[in-house]
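Participant: One structure coming up, written as structure tokens, with questions to follow.
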Amino acid sequence: MNTTNQDLFHLLVDYTVLTPDQVILENGYRPKDWECLDKVKTGVEEFELKLFSFGHRVSSEEAIRFMKEDGFDPADGITAEAFKRAYPQETQKGSIVFLNSSWRNRAAGGRGLGYLRWHVKRCYLCLIWYECGWDDYWRFAGVRKVSKAS
């Protein structure tokens with residue numbers, strides 16, 4: 001597994017400011033088309049976010065297992081938006097997958113998950129199908145809760 005201390009970031013996530021509908025709208029989707037299936041959270045939480053790069057093709061399940069072995073849980077879609085705002089330069093280095101994000105397309109019914117992608121001078125939270133296999137260039141966001149901020 002390829003990770004360094006440089007891949008560790010401090011992140012505050014304010015769930016009162018970042019709502020699923022707001023995240024969907026800001027990234028060019030319509031809330032009437034997509035439903036967030038993430039657990040609803042409130043307040044502010046403080047995390048260490050680690051970017052994992054495995055150096056080989058992995059499934060979503062394998063990536064989650066590797067993160068958990070290192071003491072991290074996969075990050076969710078609201079965390080993706082918070083990370084995008086706090087560390088925009090990181091998104092220019094390559095796409096980042098948030099395996100604990102879960103969105104359902106109301107029309108097609110499929111489950112999507114969020115990943116950050118840099119495109120034409122801007123970062124977007126894009127949605128992709130969970131069942132994808134991930135080539136070696138994908139990075140994955142894992143989080144470890146630091147404390148409950150007040």
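Labels used: A, B, ... for chains in the order of the structure tokens, numbers from 1 for residues in each chain, and numbers from 1 for ligands as shown.
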What's the 8 Å shell around range 101-109 of chain A, counting only C-alpha atoms, without same-chain residues fewer than 5 positions away, as a ChimeraX atom specification?
Facilitator: /A:32-38,75-78,114,127
Participant: Quick one: DSSP strand (DSSP E) residues in range 3-116 of chain A, as number ranges by chain?
Facilitator: A: 8-14, 34-36, 44-52, 58-59, 73-74, 96-105, 111-116
Participant: Can you work out which one of A:Lys84, A:Lys41, A:Arg139, A:Arg144 has the shortest atom-to-atom distance to Phe54 in chain A, counting only C-alpha atoms?
Facilitator: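 Looking at the shortest contact to Phe54 in chain A, the residue is A:Arg139.
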Participant: What does the distance between CA of Ile64 in chain A and CA of Phe52 in chain A come to in Å, to one decimal place?
Facilitator: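 Separation of CA of Ile64 in chain A and CA of Phe52 in chain A: 10.2 Å.
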Participant: Name all residues at most 9 Å from Lys93 in chain A (count only C-alpha atoms; drop same-chain ones fewer than 3 positions away) and give them as a list of chain:residue names.
Facilitator: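 In the requested form, the answer reads A:Gln89, A:Glu90, A:Trp118.
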Participant: Please produce a file of those selected residues containing N, CA and C atoms, as a PDB file, in the first residue's frame.
Facilitator:
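In the end it all went to part-v1.pdb:
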```
ATOM      1  N   GLN A  89      -6.248  22.081  -3.979  1.00  0.00           N
ATOM      2  CA  GLN A  89      -5.049  21.699  -4.717  1.00  0.00           C
ATOM      3  C   GLN A  89      -4.877  20.183  -4.783  1.00  0.00           C
ATOM      4  N   GLU A  90      -5.368  19.459  -3.785  1.00  0.00           N
ATOM      5  CA  GLU A  90      -5.231  17.997  -3.775  1.00  0.00           C
ATOM      6  C   GLU A  90      -6.050  17.346  -4.886  1.00  0.00           C
ATOM      7  N   TRP A 118     -10.988  16.713 -11.009  1.00  0.00           N
ATOM      8  CA  TRP A 118     -10.626  18.031 -11.509  1.00  0.00           C
ATOM      9  C   TRP A 118     -10.902  18.065 -13.001  1.00  0.00           C
TER      10      TRP A 118
END
```
Participant: Quick check, in Å to one decimal: how far apart do CA of Thr16 in chain A and CA of Gly110 in chain A lie?
Facilitator: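 Computing it gives 27.4 Å between the two atoms.
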Participant: Can you list, as a list in words, all residues belonging to range 11-86 of chain A that DSSP tags as helix (DSSP H, G or I)?
Facilitator: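 Assigned to helix (DSSP H, G or I), within range 11-86 of chain A: Pro20, Asp21, Gln22, Val23, Ile24, Leu25, Glu26, Ser60, Glu61, Glu62, Ala63, Ile64, Arg65, Phe66, Met67, Lys68, Glu69, Gly77, Ile78, Thr79, Ala80, Glu81, Ala82, Phe83, Lys84, Arg85 and Ala86 of chain A.
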Participant: Got time to write the residues from that selection, N, CA and C atoms, as an mmCIF file, in the first residue's frame?
Facilitator:
```cif
data_model
loop_
_atom_site.group_PDB
_atom_site.id
_atom_site.type_symbol
_atom_site.label_atom_id
_atom_site.label_comp_id
_atom_site.auth_asym_id
_atom_site.auth_seq_id
_atom_site.Cartn_x
_atom_site.Cartn_y
_atom_site.Cartn_z
ATOM 1 N N PRO A 20 -26.989 17.307 1.883
ATOM 2 C CA PRO A 20 -26.941 16.518 0.648
ATOM 3 C C PRO A 20 -27.501 17.263 -0.567
ATOM 4 N N ASP A 21 -28.622 17.951 -0.419
ATOM 5 C CA ASP A 21 -29.190 18.676 -1.560
ATOM 6 C C ASP A 21 -28.253 19.773 -2.044
ATOM 7 N N GLN A 22 -27.608 20.474 -1.110
ATOM 8 C CA GLN A 22 -26.668 21.522 -1.488
ATOM 9 C C GLN A 22 -25.484 20.929 -2.247
ATOM 10 N N VAL A 23 -24.967 19.803 -1.778
ATOM 11 C CA VAL A 23 -23.836 19.157 -2.438
ATOM 12 C C VAL A 23 -24.221 18.736 -3.852
ATOM 13 N N ILE A 24 -25.394 18.181 -4.011
ATOM 14 C CA ILE A 24 -25.867 17.766 -5.336
ATOM 15 C C ILE A 24 -25.975 18.978 -6.269
ATOM 16 N N LEU A 25 -26.604 20.045 -5.807
ATOM 17 C CA LEU A 25 -26.782 21.248 -6.632
ATOM 18 C C LEU A 25 -25.444 21.865 -7.031
ATOM 19 N N GLU A 26 -24.527 21.992 -6.082
ATOM 20 C CA GLU A 26 -23.238 22.626 -6.357
ATOM 21 C C GLU A 26 -22.408 21.865 -7.382
ATOM 22 N N SER A 60 -14.000 -2.236 -4.683
ATOM 23 C CA SER A 60 -14.441 -1.352 -3.598
ATOM 24 C C SER A 60 -14.278 -2.042 -2.252
ATOM 25 N N GLU A 61 -14.644 -3.313 -2.192
ATOM 26 C CA GLU A 61 -14.555 -4.064 -0.939
ATOM 27 C C GLU A 61 -13.112 -4.200 -0.467
ATOM 28 N N GLU A 62 -12.176 -4.446 -1.395
ATOM 29 C CA GLU A 62 -10.766 -4.554 -1.018
ATOM 30 C C GLU A 62 -10.240 -3.223 -0.493
ATOM 31 N N ALA A 63 -10.595 -2.126 -1.161
ATOM 32 C CA ALA A 63 -10.140 -0.805 -0.723
ATOM 33 C C ALA A 63 -10.637 -0.521 0.692
ATOM 34 N N ILE A 64 -11.888 -0.844 0.970
ATOM 35 C CA ILE A 64 -12.445 -0.640 2.315
ATOM 36 C C ILE A 64 -11.689 -1.484 3.338
ATOM 37 N N ARG A 65 -11.416 -2.725 2.994
ATOM 38 C CA ARG A 65 -10.689 -3.610 3.911
ATOM 39 C C ARG A 65 -9.293 -3.055 4.214
ATOM 40 N N PHE A 66 -8.570 -2.587 3.179
ATOM 41 C CA PHE A 66 -7.240 -2.019 3.379
ATOM 42 C C PHE A 66 -7.301 -0.781 4.285
ATOM 43 N N MET A 67 -8.311 0.075 4.080
ATOM 44 C CA MET A 67 -8.441 1.274 4.911
ATOM 45 C C MET A 67 -8.694 0.895 6.367
ATOM 46 N N LYS A 68 -9.617 -0.049 6.575
ATOM 47 C CA LYS A 68 -9.963 -0.467 7.935
ATOM 48 C C LYS A 68 -8.765 -1.097 8.645
ATOM 49 N N GLU A 69 -7.935 -1.853 7.908
ATOM 50 C CA GLU A 69 -6.732 -2.437 8.495
ATOM 51 C C GLU A 69 -5.771 -1.357 8.988
ATOM 52 N N GLY A 77 -19.994 11.341 1.208
ATOM 53 C CA GLY A 77 -20.136 12.395 0.207
ATOM 54 C C GLY A 77 -20.069 13.805 0.765
ATOM 55 N N ILE A 78 -20.570 14.018 1.959
ATOM 56 C CA ILE A 78 -20.494 15.347 2.561
ATOM 57 C C ILE A 78 -19.038 15.657 2.905
ATOM 58 N N THR A 79 -18.311 14.655 3.367
ATOM 59 C CA THR A 79 -16.889 14.813 3.637
ATOM 60 C C THR A 79 -16.139 15.144 2.350
ATOM 61 N N ALA A 80 -16.562 14.569 1.237
ATOM 62 C CA ALA A 80 -15.937 14.869 -0.059
ATOM 63 C C ALA A 80 -16.046 16.354 -0.375
ATOM 64 N N GLU A 81 -17.230 16.911 -0.191
ATOM 65 C CA GLU A 81 -17.430 18.337 -0.471
ATOM 66 C C GLU A 81 -16.602 19.195 0.480
ATOM 67 N N ALA A 82 -16.534 18.822 1.756
ATOM 68 C CA ALA A 82 -15.727 19.571 2.724
ATOM 69 C C ALA A 82 -14.244 19.499 2.354
ATOM 70 N N PHE A 83 -13.775 18.331 1.932
ATOM 71 C CA PHE A 83 -12.375 18.175 1.540
ATOM 72 C C PHE A 83 -12.083 19.009 0.296
ATOM 73 N N LYS A 84 -12.992 18.999 -0.654
ATOM 74 C CA LYS A 84 -12.839 19.781 -1.887
ATOM 75 C C LYS A 84 -12.662 21.259 -1.567
ATOM 76 N N ARG A 85 -13.418 21.758 -0.610
ATOM 77 C CA ARG A 85 -13.333 23.173 -0.224
ATOM 78 C C ARG A 85 -12.062 23.486 0.559
ATOM 79 N N ALA A 86 -11.648 22.575 1.428
ATOM 80 C CA ALA A 86 -10.500 22.823 2.293
ATOM 81 C C ALA A 86 -9.157 22.607 1.588
#
```
Participant: Could you name the residues that touch Thr42 in chain A at 8 Å or less, counting only C-alpha atoms, but leaving out those on the same chain fewer than 2 positions away, as number ranges by chain?
Facilitator: A: 14-16, 40, 44
